[in-house]
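To be precise, the following lines are query-v4.cif, and they hold mmCIF, C-alpha atoms and all ligand atoms.
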```
data_input
#
loop_
_atom_site.label_atom_id
_atom_site.label_comp_id
_atom_site.auth_asym_id
_atom_site.auth_seq_id
_atom_site.Cartn_x
_atom_site.Cartn_y
_atom_site.Cartn_z
CA MET A 780 62.38 40.72 -139.49
CA ALA A 781 60.13 43.72 -140.05
CA LEU A 782 56.45 43.59 -140.94
CA LEU A 783 55.90 46.23 -143.60
CA VAL A 784 52.83 47.47 -145.39
CA GLN A 785 53.82 48.91 -148.76
CA LYS A 786 51.39 50.79 -150.97
CA TYR A 787 51.97 51.41 -154.68
CA GLY A 788 49.88 54.13 -156.35
CA GLY A 789 48.40 54.31 -159.84
CA THR A 790 51.47 55.56 -161.70
CA SER A 791 53.66 53.05 -159.89
CA VAL A 792 51.58 50.18 -161.31
CA GLY A 793 50.56 52.09 -164.44
CA SER A 794 51.95 49.65 -167.04
CA ILE A 795 53.18 46.09 -167.34
CA GLU A 796 56.75 47.43 -167.17
CA ARG A 797 55.97 49.32 -163.96
CA ILE A 798 54.32 46.25 -162.41
CA LYS A 799 57.45 44.24 -163.22
CA SER A 800 59.61 46.82 -161.52
CA VAL A 801 57.34 46.93 -158.44
CA ALA A 802 57.59 43.13 -158.28
CA GLU A 803 61.40 43.43 -158.35
CA ARG A 804 61.35 45.85 -155.44
CA VAL A 805 58.88 43.78 -153.43
CA GLY A 806 60.81 40.59 -154.17
CA LYS A 807 64.06 42.18 -153.00
CA ALA A 808 62.50 43.31 -149.71
CA ARG A 809 61.12 39.79 -149.19
CA ASP A 810 64.54 38.27 -149.92
CA GLY A 811 65.93 40.64 -147.29
CA GLY A 812 63.65 38.93 -144.75
CA ASP A 813 60.80 41.42 -144.37
CA ARG A 814 57.20 40.19 -144.11
CA LEU A 815 55.22 42.13 -146.68
CA VAL A 816 51.65 43.24 -147.23
CA VAL A 817 51.48 45.15 -150.51
CA VAL A 818 48.45 47.35 -151.20
CA VAL A 819 47.91 48.42 -154.80
CA SER A 820 45.85 51.09 -156.55
CA ALA A 821 44.26 50.73 -159.96
CA MET A 822 46.58 51.33 -162.92
CA ALA A 823 46.94 55.08 -163.61
CA GLY A 824 43.85 56.51 -165.31
CA GLU A 825 41.79 53.35 -164.86
CA THR A 826 39.46 54.58 -162.11
CA ASN A 827 38.72 57.75 -164.11
CA ARG A 828 38.10 55.64 -167.21
CA LEU A 829 35.57 53.52 -165.31
CA PHE A 830 33.79 56.59 -163.91
CA ARG A 831 33.58 57.99 -167.46
CA LEU A 832 32.02 54.76 -168.76
CA ALA A 833 29.31 55.00 -166.11
CA ALA A 834 28.75 58.67 -166.97
CA GLU A 835 28.15 57.73 -170.60
CA LEU A 836 25.26 55.53 -169.53
CA SER A 837 23.63 57.75 -166.94
CA GLU A 838 23.79 61.37 -165.78
CA THR A 839 23.46 60.16 -162.20
CA PRO A 840 24.87 56.61 -162.14
CA ASP A 841 23.58 54.47 -159.30
CA ALA A 842 26.05 54.65 -156.42
CA ARG A 843 25.97 50.94 -155.53
CA GLU A 844 26.57 49.83 -159.12
CA THR A 845 29.26 52.48 -159.59
CA ASP A 846 31.18 50.96 -156.68
CA VAL A 847 30.86 47.48 -158.22
CA LEU A 848 32.40 49.00 -161.35
CA VAL A 849 35.19 51.20 -160.02
CA ALA A 850 36.42 48.67 -157.44
CA THR A 851 37.51 46.42 -160.31
CA GLY A 852 40.57 48.58 -161.08
CA GLU A 853 42.33 47.52 -157.88
CA GLN A 854 41.37 43.86 -158.38
CA VAL A 855 43.16 43.91 -161.75
CA SER A 856 46.40 45.37 -160.39
CA ALA A 857 46.42 43.07 -157.34
CA ALA A 858 46.06 40.01 -159.55
CA LEU A 859 48.69 41.22 -162.04
CA LEU A 860 51.26 41.91 -159.33
CA ALA A 861 50.56 38.54 -157.67
CA ILE A 862 50.92 36.76 -161.02
CA ARG A 863 54.27 38.43 -161.61
CA LEU A 864 55.58 37.69 -158.09
CA ARG A 865 54.57 34.05 -158.36
CA SER A 866 56.25 33.75 -161.75
CA MET A 867 59.42 35.02 -160.06
CA GLY A 868 59.15 32.19 -157.54
CA HIS A 869 57.75 34.20 -154.61
CA PRO A 870 54.83 32.52 -152.84
CA THR A 871 52.15 35.22 -153.08
CA VAL A 872 48.41 35.52 -152.51
CA SER A 873 46.12 38.34 -153.59
CA ILE A 874 43.37 39.41 -151.17
CA LEU A 875 40.27 41.46 -151.97
CA ALA A 876 38.22 43.42 -149.43
CA PHE A 877 35.65 40.65 -148.90
CA GLN A 878 38.41 38.14 -148.12
CA MET A 879 39.61 40.16 -145.14
CA ASN A 880 36.17 41.51 -144.28
CA LEU A 881 37.20 45.13 -144.62
CA ALA A 882 33.85 46.21 -143.23
CA THR A 883 32.48 49.66 -144.04
CA ASP A 884 29.25 51.59 -143.73
CA SER A 885 27.00 51.79 -146.80
CA ASN A 886 27.95 55.30 -147.90
CA HIS A 887 28.86 54.26 -151.45
CA GLY A 888 31.73 56.21 -153.00
CA ARG A 889 32.98 57.51 -149.64
CA ALA A 890 32.42 54.62 -147.23
CA ARG A 891 34.08 54.66 -143.83
CA ILE A 892 35.96 51.67 -142.44
CA LYS A 893 34.45 49.97 -139.38
CA SER A 894 36.83 47.06 -138.93
CA VAL A 895 39.15 44.69 -140.73
CA GLN A 896 40.00 41.08 -139.95
CA CYS A 897 43.62 40.20 -140.32
CA ASP A 898 43.65 36.45 -139.55
CA ARG A 899 43.82 35.39 -143.20
CA ILE A 900 46.66 37.85 -143.85
CA MET A 901 48.51 36.72 -140.72
CA ARG A 902 48.18 33.07 -141.75
CA ALA A 903 49.52 33.81 -145.22
CA LEU A 904 52.43 35.81 -143.77
CA GLY A 905 53.10 32.96 -141.34
CA ASP A 906 53.31 30.61 -144.33
CA GLY A 907 55.98 32.87 -145.82
CA GLN A 908 53.70 34.37 -148.47
CA ILE A 909 53.68 37.91 -149.80
CA VAL A 910 50.16 39.30 -149.46
CA VAL A 911 48.94 41.63 -152.22
CA VAL A 912 45.82 43.59 -151.26
CA ALA A 913 43.42 45.49 -153.53
CA GLY A 914 43.15 49.02 -152.09
CA TYR A 915 40.19 51.42 -152.16
CA GLN A 916 37.47 48.77 -151.72
CA GLY A 917 35.38 47.57 -148.79
CA VAL A 918 32.27 45.53 -148.04
CA ASN A 919 29.13 46.74 -146.24
CA GLN A 920 26.88 44.83 -143.86
CA GLU A 921 24.85 43.41 -146.74
CA GLY A 922 28.02 42.06 -148.34
CA ASP A 923 27.90 44.70 -151.11
CA ILE A 924 31.08 46.24 -152.50
CA THR A 925 31.80 49.80 -151.38
CA THR A 926 34.66 52.20 -152.14
CA LEU A 927 36.40 54.43 -149.63
CA GLY A 928 36.77 57.67 -151.63
CA ARG A 929 39.22 58.90 -154.27
CA GLY A 930 42.85 58.24 -153.42
CA ALA A 931 41.82 55.85 -150.64
CA SER A 932 44.24 53.03 -151.34
CA ASP A 933 46.40 55.07 -148.95
CA LEU A 934 43.68 54.54 -146.36
CA THR A 935 43.56 50.79 -146.96
CA ALA A 936 47.32 50.66 -146.42
CA VAL A 937 47.26 52.68 -143.18
CA ALA A 938 44.26 50.73 -141.84
CA LEU A 939 46.09 47.46 -142.42
CA ALA A 940 49.32 48.82 -140.95
CA ALA A 941 47.38 49.84 -137.81
CA ALA A 942 45.50 46.54 -137.54
CA LEU A 943 48.63 44.45 -138.13
CA LYS A 944 50.76 46.70 -135.89
CA ALA A 945 53.22 46.92 -138.78
CA ASP A 946 56.66 48.39 -138.22
CA ALA A 947 56.00 50.95 -140.96
CA CYS A 948 53.59 51.89 -143.71
CA GLU A 949 55.50 52.82 -146.86
CA ILE A 950 53.61 54.83 -149.48
CA TYR A 951 55.35 54.49 -152.85
CA THR A 952 54.39 57.11 -155.41
CA ASP A 953 55.59 59.17 -158.38
CA VAL A 954 57.38 61.86 -156.32
CA ASP A 955 60.30 61.45 -153.88
CA GLY A 956 58.30 62.39 -150.81
CA VAL A 957 56.25 65.22 -149.34
CA TYR A 958 57.41 68.58 -150.70
CA THR A 959 56.95 72.11 -149.41
CA ALA A 960 54.47 72.51 -152.30
CA ASP A 961 53.30 70.32 -155.18
CA PRO A 962 56.58 69.88 -157.13
CA ASN A 963 54.59 69.58 -160.36
CA VAL A 964 53.23 73.11 -159.88
CA CYS A 965 55.99 74.81 -157.92
CA PRO A 966 59.44 74.02 -159.38
CA LYS A 967 61.25 75.50 -156.37
CA ALA A 968 59.53 73.14 -153.92
CA ARG A 969 61.85 71.22 -151.59
CA LYS A 970 61.48 67.71 -150.27
CA LEU A 971 60.85 67.57 -146.52
CA GLY A 972 62.78 65.00 -144.49
CA ARG A 973 59.91 64.73 -142.02
CA ILE A 974 56.61 66.37 -141.26
CA SER A 975 54.20 66.11 -138.32
CA TYR A 976 50.88 64.28 -138.58
CA ASP A 977 49.05 67.56 -137.90
CA GLU A 978 50.79 69.44 -140.68
CA MET A 979 50.36 66.57 -143.12
CA LEU A 980 46.70 66.31 -142.19
CA GLU A 981 46.16 70.00 -142.94
CA MET A 982 48.17 69.83 -146.17
CA ALA A 983 46.29 66.77 -147.40
CA GLY A 984 42.93 68.32 -146.52
CA LEU A 985 43.93 71.52 -148.30
CA GLY A 986 44.84 69.90 -151.60
CA ALA A 987 48.22 68.11 -151.31
CA LYS A 988 46.96 64.83 -152.70
CA VAL A 989 50.26 63.02 -152.11
CA LEU A 990 48.47 61.42 -149.14
CA GLN A 991 44.74 60.94 -148.81
CA THR A 992 43.41 62.96 -145.86
CA ARG A 993 41.67 60.18 -143.96
CA SER A 994 44.76 58.00 -144.21
CA VAL A 995 46.76 60.64 -142.33
CA GLU A 996 44.01 60.96 -139.75
CA LEU A 997 44.11 57.23 -139.13
CA ALA A 998 47.92 57.14 -139.05
CA ARG A 999 47.86 59.87 -136.42
CA ARG A 1000 45.19 58.12 -134.33
CA TYR A 1001 47.04 54.81 -134.29
CA ASN A 1002 50.55 56.24 -134.38
CA VAL A 1003 51.44 54.43 -137.59
CA PRO A 1004 54.95 55.36 -138.76
CA LEU A 1005 54.35 56.54 -142.31
CA VAL A 1006 56.93 57.18 -145.01
CA VAL A 1007 56.32 58.57 -148.50
CA ARG A 1008 58.89 57.44 -151.08
CA SER A 1009 59.40 57.18 -154.81
CA SER A 1010 58.68 53.83 -156.46
CA PHE A 1011 61.09 54.83 -159.23
CA HIS A 1012 64.30 54.95 -157.19
CA GLU A 1013 65.81 54.41 -153.75
CA ALA A 1014 65.83 57.99 -152.31
CA SER A 1015 64.96 58.15 -148.63
CA GLY A 1016 61.56 59.89 -148.72
CA THR A 1017 59.62 61.81 -146.07
CA TRP A 1018 58.67 60.48 -142.63
CA VAL A 1019 55.30 61.54 -141.26
CA GLY A 1020 55.15 61.24 -137.49
CA LYS A 1021 54.64 62.86 -134.11
CA GLU A 1022 55.51 66.51 -133.72
CA ASP A 1023 58.69 67.36 -131.86
CA LEU A 1024 59.89 70.70 -130.52
CA SER A 1025 62.29 71.47 -133.35
CA MET A 1026 59.40 71.39 -135.82
CA GLU A 1027 58.09 74.59 -134.26
CA ASP A 1028 61.21 76.38 -135.45
CA VAL A 1029 59.80 76.21 -138.95
CA LEU A 1030 57.12 78.81 -139.46
CA VAL A 1031 55.62 77.47 -142.68
CA SER A 1032 56.24 73.87 -143.73
CA GLY A 1033 54.12 73.81 -146.84
CA VAL A 1034 51.97 75.75 -149.28
CA THR A 1035 48.99 74.05 -150.89
CA LEU A 1036 46.64 74.75 -153.76
CA ASP A 1037 43.19 73.25 -154.19
CA GLN A 1038 41.74 74.00 -157.62
CA ASN A 1039 38.76 71.80 -157.00
CA GLN A 1040 36.67 74.36 -155.12
CA SER A 1041 33.41 76.19 -155.71
CA LYS A 1042 31.61 78.93 -153.86
CA ILE A 1043 27.87 79.27 -153.21
CA THR A 1044 26.07 82.38 -151.93
CA ILE A 1045 22.53 82.41 -150.65
CA ALA A 1046 21.58 86.08 -150.86
CA GLY A 1047 19.10 88.20 -148.95
CA VAL A 1048 17.99 85.69 -146.31
CA GLU A 1049 16.34 86.75 -143.10
CA ASP A 1050 18.95 87.19 -140.35
CA ARG A 1051 17.43 85.25 -137.45
CA PRO A 1052 18.26 82.38 -135.08
CA GLY A 1053 18.15 78.99 -136.78
CA LEU A 1054 19.11 80.25 -140.24
CA ALA A 1055 22.53 78.57 -140.37
CA ALA A 1056 21.08 75.30 -139.07
CA ARG A 1057 18.38 75.46 -141.73
CA ILE A 1058 20.97 75.91 -144.48
CA PHE A 1059 23.71 73.55 -143.35
CA GLY A 1060 21.58 70.77 -141.83
CA PRO A 1061 20.43 69.37 -145.19
CA ILE A 1062 23.91 69.85 -146.67
CA ALA A 1063 25.45 67.78 -143.88
CA GLU A 1064 22.73 65.12 -144.21
CA ALA A 1065 23.64 64.79 -147.89
CA GLY A 1066 27.23 64.02 -146.83
CA ILE A 1067 28.58 67.22 -148.42
CA VAL A 1068 31.60 68.68 -146.68
CA VAL A 1069 31.41 72.46 -146.32
CA ASP A 1070 34.66 74.26 -145.77
CA MET A 1071 34.74 78.04 -145.37
CA ILE A 1072 31.61 79.88 -144.30
CA ILE A 1073 31.09 83.64 -144.25
CA GLN A 1074 28.01 85.48 -143.08
CA ASN A 1075 27.86 89.16 -143.98
CA ALA A 1076 26.75 91.78 -141.47
CA SER A 1077 23.02 92.15 -141.95
CA ALA A 1078 21.31 95.20 -143.42
CA ASP A 1079 17.54 95.65 -142.99
CA GLY A 1080 17.37 92.31 -141.16
CA ARG A 1081 18.66 90.41 -144.20
CA THR A 1082 22.05 88.88 -144.86
CA ASP A 1083 24.15 86.94 -147.40
CA MET A 1084 25.72 83.61 -146.50
CA THR A 1085 28.64 82.32 -148.60
CA PHE A 1086 30.38 78.95 -148.30
CA THR A 1087 32.67 76.66 -150.27
CA VAL A 1088 32.26 73.02 -151.25
CA GLY A 1089 34.33 70.68 -153.41
CA ARG A 1090 33.44 71.03 -157.11
CA GLU A 1091 32.11 67.47 -157.25
CA ASP A 1092 29.48 68.46 -154.67
CA LEU A 1093 28.45 71.72 -156.36
CA ARG A 1094 25.50 70.32 -158.25
CA GLY A 1095 24.04 68.55 -155.17
CA ALA A 1096 24.61 71.56 -152.92
CA LEU A 1097 22.98 73.93 -155.44
CA GLN A 1098 19.90 71.75 -155.69
CA LEU A 1099 19.49 71.82 -151.92
CA MET A 1100 20.21 75.55 -151.67
CA THR A 1101 17.70 76.45 -154.36
CA ALA A 1102 14.96 74.62 -152.46
CA ILE A 1103 15.99 76.16 -149.13
CA ALA A 1104 16.21 79.67 -150.65
CA ARG A 1105 12.71 79.35 -152.04
CA GLU A 1106 11.28 78.17 -148.72
CA ALA A 1107 13.15 80.82 -146.72
CA GLY A 1108 12.13 83.66 -149.04
CA ALA A 1109 15.77 84.47 -149.95
CA ALA A 1110 16.59 86.81 -152.82
CA GLY A 1111 18.46 84.08 -154.71
CA VAL A 1112 21.39 81.70 -154.98
CA ARG A 1113 24.63 82.48 -156.82
CA HIS A 1114 27.61 80.24 -157.44
CA ASN A 1115 31.12 80.40 -158.82
CA ASP A 1116 33.12 77.28 -159.69
CA GLN A 1117 36.19 79.23 -160.80
CA VAL A 1118 37.76 79.61 -157.38
CA ALA A 1119 40.84 78.06 -155.79
CA LYS A 1120 41.95 77.72 -152.19
CA VAL A 1121 45.55 78.55 -151.38
CA SER A 1122 46.93 77.84 -147.92
CA VAL A 1123 50.08 78.04 -145.84
CA VAL A 1124 50.59 75.37 -143.18
CA GLY A 1125 53.04 75.05 -140.30
CA VAL A 1126 53.06 74.08 -136.62
CA GLY A 1127 55.34 77.09 -136.05
CA MET A 1128 52.23 79.28 -136.34
CA ARG A 1129 51.16 78.07 -132.89
CA THR A 1130 53.95 80.11 -131.39
CA HIS A 1131 54.60 82.84 -133.96
CA ALA A 1132 52.28 85.66 -134.96
CA GLY A 1133 51.87 87.57 -138.19
CA VAL A 1134 51.67 84.86 -140.82
CA ALA A 1135 48.22 85.89 -142.04
CA ALA A 1136 49.18 89.56 -142.40
CA ARG A 1137 52.32 88.64 -144.29
CA MET A 1138 50.36 86.30 -146.55
CA PHE A 1139 47.85 89.03 -147.42
CA GLN A 1140 50.72 91.41 -148.25
CA VAL A 1141 52.35 88.87 -150.59
CA LEU A 1142 49.04 88.42 -152.43
CA ALA A 1143 48.48 92.17 -152.54
CA ASN A 1144 51.93 92.62 -154.12
CA GLU A 1145 50.80 90.25 -156.87
CA ARG A 1146 47.50 92.16 -157.16
CA ILE A 1147 45.53 89.02 -156.32
CA ASN A 1148 42.13 89.69 -154.75
CA ILE A 1149 41.20 87.61 -151.68
CA GLU A 1150 37.58 86.46 -151.74
CA MET A 1151 37.42 84.51 -148.47
CA ILE A 1152 39.73 83.84 -145.54
CA SER A 1153 39.87 81.15 -142.89
CA THR A 1154 42.43 80.32 -140.25
CA SER A 1155 43.17 77.56 -137.79
CA GLU A 1156 45.93 77.10 -135.26
CA ILE A 1157 48.41 75.88 -137.88
CA LYS A 1158 47.12 77.19 -141.21
CA VAL A 1159 45.81 80.21 -143.08
CA SER A 1160 43.69 79.67 -146.19
CA VAL A 1161 42.35 82.11 -148.75
CA VAL A 1162 39.98 81.69 -151.67
CA VAL A 1163 41.04 83.44 -154.88
CA ASN A 1164 40.01 83.41 -158.53
CA SER A 1165 41.23 80.05 -159.85
CA LYS A 1166 43.22 81.63 -162.66
CA TYR A 1167 45.53 83.15 -160.03
CA GLY A 1168 45.81 79.97 -157.95
CA GLU A 1169 49.20 78.82 -159.22
CA LEU A 1170 50.65 82.33 -159.17
CA ALA A 1171 49.49 82.74 -155.56
CA MET A 1172 51.02 79.43 -154.57
CA ARG A 1173 54.40 80.24 -156.11
CA ALA A 1174 54.47 83.75 -154.64
CA LEU A 1175 53.69 82.42 -151.16
CA HIS A 1176 56.24 79.65 -151.54
CA ASP A 1177 58.88 82.23 -152.52
CA ALA A 1178 58.01 84.43 -149.58
CA PHE A 1179 57.67 81.87 -146.82
CA ILE A 1180 59.88 79.00 -147.88
CA ASN A 1181 62.50 80.07 -150.38
CA GLY A 1182 63.64 82.90 -148.16
CA ASN A 1183 62.92 86.59 -148.74
CA GLY A 1184 63.14 87.24 -145.04
CA GLY A 1185 64.26 83.81 -143.97
CA SER A 1186 60.97 82.91 -142.36
CA ASN A 1187 61.78 79.25 -142.73
CA SER A 1188 65.30 79.38 -141.41
CA GLY A 1189 64.62 79.58 -137.70
CA PRO A 1190 62.38 80.91 -134.95
CA VAL A 1191 60.69 84.22 -135.74
CA GLU A 1192 58.89 86.20 -133.03
CA SER A 1193 56.70 88.15 -135.38
CA VAL A 1194 56.66 89.22 -139.00
P1 LIG A 1201 49.48 57.91 -156.28
O1 LIG A 1201 48.81 57.54 -157.57
O2 LIG A 1201 50.82 57.28 -156.09
O3 LIG A 1201 48.58 57.73 -155.10
P2 LIG A 1201 48.91 60.74 -156.32
O4 LIG A 1201 48.76 61.30 -157.69
O5 LIG A 1201 47.67 60.46 -155.54
O6 LIG A 1201 49.83 59.44 -156.41
O7 LIG A 1201 49.84 61.69 -155.41
C1 LIG A 1201 51.11 62.08 -155.89
C2 LIG A 1201 51.02 63.48 -156.46
O8 LIG A 1201 50.72 64.39 -155.41
C3 LIG A 1201 52.31 64.03 -157.04
O9 LIG A 1201 52.48 63.64 -158.38
C4 LIG A 1201 52.16 65.53 -156.87
O10 LIG A 1201 51.79 66.17 -158.07
C5 LIG A 1201 51.00 65.68 -155.89
N1 LIG A 1201 51.31 66.57 -154.77
C6 LIG A 1201 50.52 67.60 -154.36
N2 LIG A 1201 51.09 68.25 -153.33
C7 LIG A 1201 52.26 67.63 -153.05
C8 LIG A 1201 53.29 67.82 -152.08
N3 LIG A 1201 53.21 68.81 -151.18
N4 LIG A 1201 54.35 66.98 -152.09
C9 LIG A 1201 54.43 65.98 -152.98
N5 LIG A 1201 53.49 65.74 -153.95
C10 LIG A 1201 52.40 66.55 -153.98
N1 LIG A 1202 42.05 54.05 -157.70
C1 LIG A 1202 41.44 54.92 -156.73
C2 LIG A 1202 41.43 56.36 -157.25
O1 LIG A 1202 41.89 56.61 -158.36
C3 LIG A 1202 42.10 54.82 -155.39
C4 LIG A 1202 43.58 55.21 -155.34
O2 LIG A 1202 44.22 55.39 -156.38
O3 LIG A 1202 44.11 55.34 -154.23
O4 LIG A 1202 40.94 57.22 -156.60
MG MG A 1203 47.13 58.95 -154.24
#
```
Please render this file's structure as structure tokens.
Amino acid sequence: MALLVQKYGGTSVGSIERIKSVAERVGKARDGGDRLVVVVSAMAGETNRLFRLAAELSETPDARETDVLVATGEQVSAALLAIRLRSMGHPTVSILAFQMNLATDSNHGRARIKSVQCDRIMRALGDGQIVVVAGYQGVNQEGDITTLGRGASDLTAVALAAALKADACEIYTDVDGVYTADPNVCPKARKLGRISYDEMLEMAGLGAKVLQTRSVELARRYNVPLVVRSSFHEASGTWVGKEDLSMEDVLVSGVTLDQNQSKITIAGVEDRPGLAARIFGPIAEAGIVVDMIIQNASADGRTDMTFTVGREDLRGALQLMTAIAREAGAAGVRHNDQVAKVSVVGVGMRTHAGVAARMFQVLANERINIEMISTSEIKVSVVVNSKYGELAMRALHDAFINGNGGSNSGPVESV
């Protein structure tokens, strides 16, 4: 008898009909003997709707009250699914964050999990109940509601799977699994049978929102077997797990596109020790994640520093930069929110050279200008004008994955 954590995303519980069909699937698994903890997201569009309501009342809605508001979406779907399961004769209990003390810090809107207590869940499972958990929410030390960041019902599911030592964490969504690129943008994308934690972590961080980044990080840390599957049918899905040697045979496993990027340049600052700390210290303190950073070679003792942040952080980062630029006597601050980040990811890059050069050539053939570049052991990312983002993604997918040189068909020494 397996202990499974299943998570159903927004589209999967997006209507009464969809909730009924999730209840069927959950009920069938229970009848088969599995012990089930089912984490649900808010119904599709609901979290955005709630954020919009807050935005109509304030330009900068209070973070604590916003969490009280947006956490309700998951409470609704948990209750609805539990109501349906009970009406089908399945003993079921819904559990909210405070009932399992899913303890977080107080960073509203992006709180981090500190611990979770599973005794109540274990008791309910022991009594033969299905446990339905509201994802995305937590509770801080003061007992206030927090939320864990967009898409974080995945994180709730993985955290519970780790704490309960579940046999697997199944993420049910609106696609059949993890693809070589977003199948809604790249029609030639192929479903992967399996992918390593490291690759999935890079892909998620670089824009493949099929799994939330921190959920993959946690799955990797606690070795949680993770599978991504469709909630619409029975296809087998994609396993995310430890890397094995054969994975290195594949040069590029996935191509990602992140259209949610913006670029900030602080121009004409004095090039001296301490400058970078001065700029990025306050940004980090504000909880803003900076991705790529470029510092130009200095001329006349002055330099330009350019970096990228998520578009939702642009306004906050600009405010800080304007103050810092004034203090530091910089020439000015420029920004561009029409940029996209396109990346190729694969553990095969650890052992094979030439991916970056080949990537630049593919983009050059499409006459796409590269504005920034960054690399790590298993990925190469470039920033381009956002209007060319999808074209870049498809061209790179064609080159690295659909063939044109067979880079994905076996070991390649160099390209
Ligand atoms: P859920 O509401 O179930 O959490 P999400 O919308 O968060 O679902 O994630 C699923 C979506 O992720 C898909 O509809 C797809 O457009 C997108 N996606 C982006 N990159 C990939 C990828 N490489 N493989 C599969 N889906 C991807
Ligand atoms: N409902 C939340 C969101 O839309 C969490 C989730 O769906 O995972 O971000
Ligand atoms: Mg999601």
Let me see if you get this right: every residue at most 6 Å from ligand LIG 1202 (chain A), counting all atoms listed in the file, written as a PyMOL selection string. chain A and resi 788-789+820-821+826+915+929-933
Can you tell me which residues sit at most 12 Å away from ligand MG 1203 (chain A), counting only C-alpha atoms and all ligand atoms, written as a PyMOL selection string? chain A and resi 786-791+819-824+826+914-915+928-936+950-954+983+986-994+1007
Export of the given selection (C-alpha atoms) as an mmCIF file, keeping the file's coordinate frame:
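Here's the written file out34.cif:
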```cif
data_model
loop_
_atom_site.group_PDB
_atom_site.id
_atom_site.type_symbol
_atom_site.label_atom_id
_atom_site.label_comp_id
_atom_site.auth_asym_id
_atom_site.auth_seq_id
_atom_site.Cartn_x
_atom_site.Cartn_y
_atom_site.Cartn_z
ATOM 1 C CA LYS A 786 51.390 50.790 -150.970
ATOM 2 C CA TYR A 787 51.970 51.410 -154.680
ATOM 3 C CA GLY A 788 49.880 54.130 -156.350
ATOM 4 C CA GLY A 789 48.400 54.310 -159.840
ATOM 5 C CA THR A 790 51.470 55.560 -161.700
ATOM 6 C CA SER A 791 53.660 53.050 -159.890
ATOM 7 C CA VAL A 819 47.910 48.420 -154.800
ATOM 8 C CA SER A 820 45.850 51.090 -156.550
ATOM 9 C CA ALA A 821 44.260 50.730 -159.960
ATOM 10 C CA MET A 822 46.580 51.330 -162.920
ATOM 11 C CA ALA A 823 46.940 55.080 -163.610
ATOM 12 C CA GLY A 824 43.850 56.510 -165.310
ATOM 13 C CA THR A 826 39.460 54.580 -162.110
ATOM 14 C CA GLY A 914 43.150 49.020 -152.090
ATOM 15 C CA TYR A 915 40.190 51.420 -152.160
ATOM 16 C CA GLY A 928 36.770 57.670 -151.630
ATOM 17 C CA ARG A 929 39.220 58.900 -154.270
ATOM 18 C CA GLY A 930 42.850 58.240 -153.420
ATOM 19 C CA ALA A 931 41.820 55.850 -150.640
ATOM 20 C CA SER A 932 44.240 53.030 -151.340
ATOM 21 C CA ASP A 933 46.400 55.070 -148.950
ATOM 22 C CA LEU A 934 43.680 54.540 -146.360
ATOM 23 C CA THR A 935 43.560 50.790 -146.960
ATOM 24 C CA ALA A 936 47.320 50.660 -146.420
ATOM 25 C CA ILE A 950 53.610 54.830 -149.480
ATOM 26 C CA TYR A 951 55.350 54.490 -152.850
ATOM 27 C CA THR A 952 54.390 57.110 -155.410
ATOM 28 C CA ASP A 953 55.590 59.170 -158.380
ATOM 29 C CA VAL A 954 57.380 61.860 -156.320
ATOM 30 C CA ALA A 983 46.290 66.770 -147.400
ATOM 31 C CA GLY A 986 44.840 69.900 -151.600
ATOM 32 C CA ALA A 987 48.220 68.110 -151.310
ATOM 33 C CA LYS A 988 46.960 64.830 -152.700
ATOM 34 C CA VAL A 989 50.260 63.020 -152.110
ATOM 35 C CA LEU A 990 48.470 61.420 -149.140
ATOM 36 C CA GLN A 991 44.740 60.940 -148.810
ATOM 37 C CA THR A 992 43.410 62.960 -145.860
ATOM 38 C CA ARG A 993 41.670 60.180 -143.960
ATOM 39 C CA SER A 994 44.760 58.000 -144.210
ATOM 40 C CA VAL A 1007 56.320 58.570 -148.500
#
```
Rank A:His869, A:Lys1166, A:Lys944, A:Arg969 by their smallest atom-to-atom distance to ligand LIG 1201 (chain A), using only C-alpha atoms and all ligand atoms, and report the top residue only. A:Arg969
With distances taken over only C-alpha atoms, which of A:Leu782, A:Ile1157, A:Ala903, A:Val964 is nearest to A:Arg1173?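 Going through A:Leu782, A:Ile1157, A:Ala903, A:Val964 one by one, the smallest distance to A:Arg1173 is for A:Val964.
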In terms of the shortest atom-to-atom distance over all atoms listed in the file, which of A:Ser1041, A:Asn1181, A:Ser1032, A:Asn1115 is closest to ligand LIG 1201 (chain A)?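 The answer is A:Ser1032, which sits nearest to ligand LIG 1201 (chain A).
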Ligand LIG 1201 (chain A) proximity check over A:Ala833, A:Val957, A:Val895, A:Val937, using only C-alpha atoms and all ligand atoms: winner is A:Val957
Nearest to A:Arg1051 by atom-to-atom distance, counting only C-alpha atoms, from A:Ser800, A:Ser1077, A:Asn963, A:Asn886: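 For A:Arg1051, the nearest of the given residues is A:Ser1077.
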From the list A:Leu829, A:Val1161, A:Val918, A:Ala960, the nearest residue to ligand LIG 1201 (chain A) using only C-alpha atoms and all ligand atoms is A:Ala960
